[in-house]
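Structure record follows, encoded as structure tokens.
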Amino acid sequence: RGDSVDSVRCSWASCGADVGEMPAVEHDAWFAAVGHLPHLWAFALVYELAARPNAKTLLSFAASGFRDFTRIAGSSPEMWRDIALNNREALLRELMNYEAHILKLRKALEASDGVALESLMARASQARNRWMAGDLDGFRDEAT
């Protein structure tokens, strides 16, 4: 590592950040999944709803869940355009993964399959609650 990397590490650490190092390809893949993709979801949802003829009425009923989920859609479009384009390949892979899960939800809804819906939602709820509690044991983590 060079002096520049050490300087950046110290700067971030002085702000209280936990600093790690990884290869750029690994960074791009991981952050596409947990950082960049959620921004695309939020932008897409707000864009789609705002484009509807009844957007004013819809948004008048939006509450804290919508507010919380879409907060990041208020981010800089220019910055996120550049991030998306610079991490295009990893984001496209993540979008395909996400679309597969959306399709599972759609098929369960089409089939009125409450068991499948609840199962997917329960697994997601449990995973989020464990993550929020800092309990990452039991999550699958393959070597990269």
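In the structure tokens, each chain is lettered A, B, ... as it comes, each chain's residues begin at 1, and ligands are numbered from 1 in order of appearance.
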Which residues are near Ala55 of chain A? Cut-off 10 Å, only C-alpha atoms, ignore same chain within fewer than 6 positions. Put them as a list of chain:residue names. A:Val46, A:Glu48, A:Leu49
Closest contacts (segment 11-33 of chain A/segment 94-97 of chain A, max 10 Å, only C-alpha atoms) as JSON lines:
{"residue": "A:Ala29", "atom": "CA", "partner": "A:Glu94", "partner_atom": "CA", "distance": 8.3}
{"residue": "A:Trp30", "atom": "CA", "partner": "A:Glu94", "partner_atom": "CA", "distance": 9.6}
{"residue": "A:Ala32", "atom": "CA", "partner": "A:Glu94", "partner_atom": "CA", "distance": 6.8}
{"residue": "A:Ala33", "atom": "CA", "partner": "A:Glu94", "partner_atom": "CA", "distance": 5.9}
Deliver the residues from the most recent selection as a file, using C-alpha atoms, as a compact mmCIF listing (two decimals), in the first residue's frame.
# COMPACT_ATOMS: atom_id res chain seq x y z
CA ALA A 29 -20.22 -6.27 -7.03
CA TRP A 30 -20.94 -5.86 -3.33
CA ALA A 32 -24.11 -2.81 -6.56
CA ALA A 33 -26.17 -5.17 -4.41
Go ahead and compute the interatomic distance for atom CA of Ala84 of chain A and atom CA of Asp28 of chain A, in Å to one decimal.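 It comes out at 10.4 Å.
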Which value, in Å to one decimal, gives the distance between atom CA of Asp18 of chain A and atom CA of Arg128 of chain A? 21.0 Å
DSSP on the backbone, alpha helix (DSSP H) only: what residues of chain A does that give? Format it as a ChimeraX atom specification. /A:3-14,24-31,37-50,55-61,64-70,77-86,88-110,114-132
Could you give me, as CSV, every segment 29-128 of chain A residue with an atom at most 12 Å from segment 132-142 of chain A, plus its closest atom pair and distance in Å to one decimal, counting only C-alpha atoms, rows ordered by chain then number?
residue,atom,partner,partner_atom,distance
A:Trp30,CA,A:Asp141,CA,11.9
A:Arg123,CA,A:Phe139,CA,11.6
A:Ala124,CA,A:Phe139,CA,12.0
A:Ser125,CA,A:Met132,CA,10.5
A:Gln126,CA,A:Met132,CA,9.9
A:Ala127,CA,A:Phe139,CA,8.2
A:Arg128,CA,A:Met132,CA,6.1
For the selection you just gave me, I'd like the residues written to a file as a PDB file, in the first residue's frame, keeping N, CA, C and O atoms.
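Result saved to out16.pdb:
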ATOM      1  N   TRP A  30     -20.284  -5.953  -4.628  1.00  0.00           N
ATOM      2  CA  TRP A  30     -20.944  -5.863  -3.326  1.00  0.00           C
ATOM      3  C   TRP A  30     -21.789  -4.601  -3.214  1.00  0.00           C
ATOM      4  O   TRP A  30     -22.929  -4.637  -2.754  1.00  0.00           O
ATOM      5  N   ARG A 123     -38.875 -15.035   5.500  1.00  0.00           N
ATOM      6  CA  ARG A 123     -37.413 -15.171   5.377  1.00  0.00           C
ATOM      7  C   ARG A 123     -36.761 -13.799   5.286  1.00  0.00           C
ATOM      8  O   ARG A 123     -35.724 -13.548   5.910  1.00  0.00           O
ATOM      9  N   ALA A 124     -37.380 -12.900   4.506  1.00  0.00           N
ATOM     10  CA  ALA A 124     -36.819 -11.549   4.369  1.00  0.00           C
ATOM     11  C   ALA A 124     -36.886 -10.802   5.694  1.00  0.00           C
ATOM     12  O   ALA A 124     -35.916 -10.142   6.096  1.00  0.00           O
ATOM     13  N   SER A 125     -38.002 -10.910   6.387  1.00  0.00           N
ATOM     14  CA  SER A 125     -38.162 -10.223   7.673  1.00  0.00           C
ATOM     15  C   SER A 125     -37.150 -10.731   8.693  1.00  0.00           C
ATOM     16  O   SER A 125     -36.509  -9.938   9.403  1.00  0.00           O
ATOM     17  N   GLN A 126     -36.995 -12.031   8.767  1.00  0.00           N
ATOM     18  CA  GLN A 126     -36.033 -12.609   9.707  1.00  0.00           C
ATOM     19  C   GLN A 126     -34.608 -12.170   9.363  1.00  0.00           C
ATOM     20  O   GLN A 126     -33.829 -11.819  10.257  1.00  0.00           O
ATOM     21  N   ALA A 127     -34.274 -12.181   8.076  1.00  0.00           N
ATOM     22  CA  ALA A 127     -32.925 -11.782   7.658  1.00  0.00           C
ATOM     23  C   ALA A 127     -32.668 -10.318   8.005  1.00  0.00           C
ATOM     24  O   ALA A 127     -31.610  -9.972   8.534  1.00  0.00           O
ATOM     25  N   ARG A 128     -33.647  -9.461   7.741  1.00  0.00           N
ATOM     26  CA  ARG A 128     -33.455  -8.044   8.062  1.00  0.00           C
ATOM     27  C   ARG A 128     -33.318  -7.828   9.565  1.00  0.00           C
ATOM     28  O   ARG A 128     -32.461  -7.068  10.022  1.00  0.00           O
TER      29      ARG A 128
END
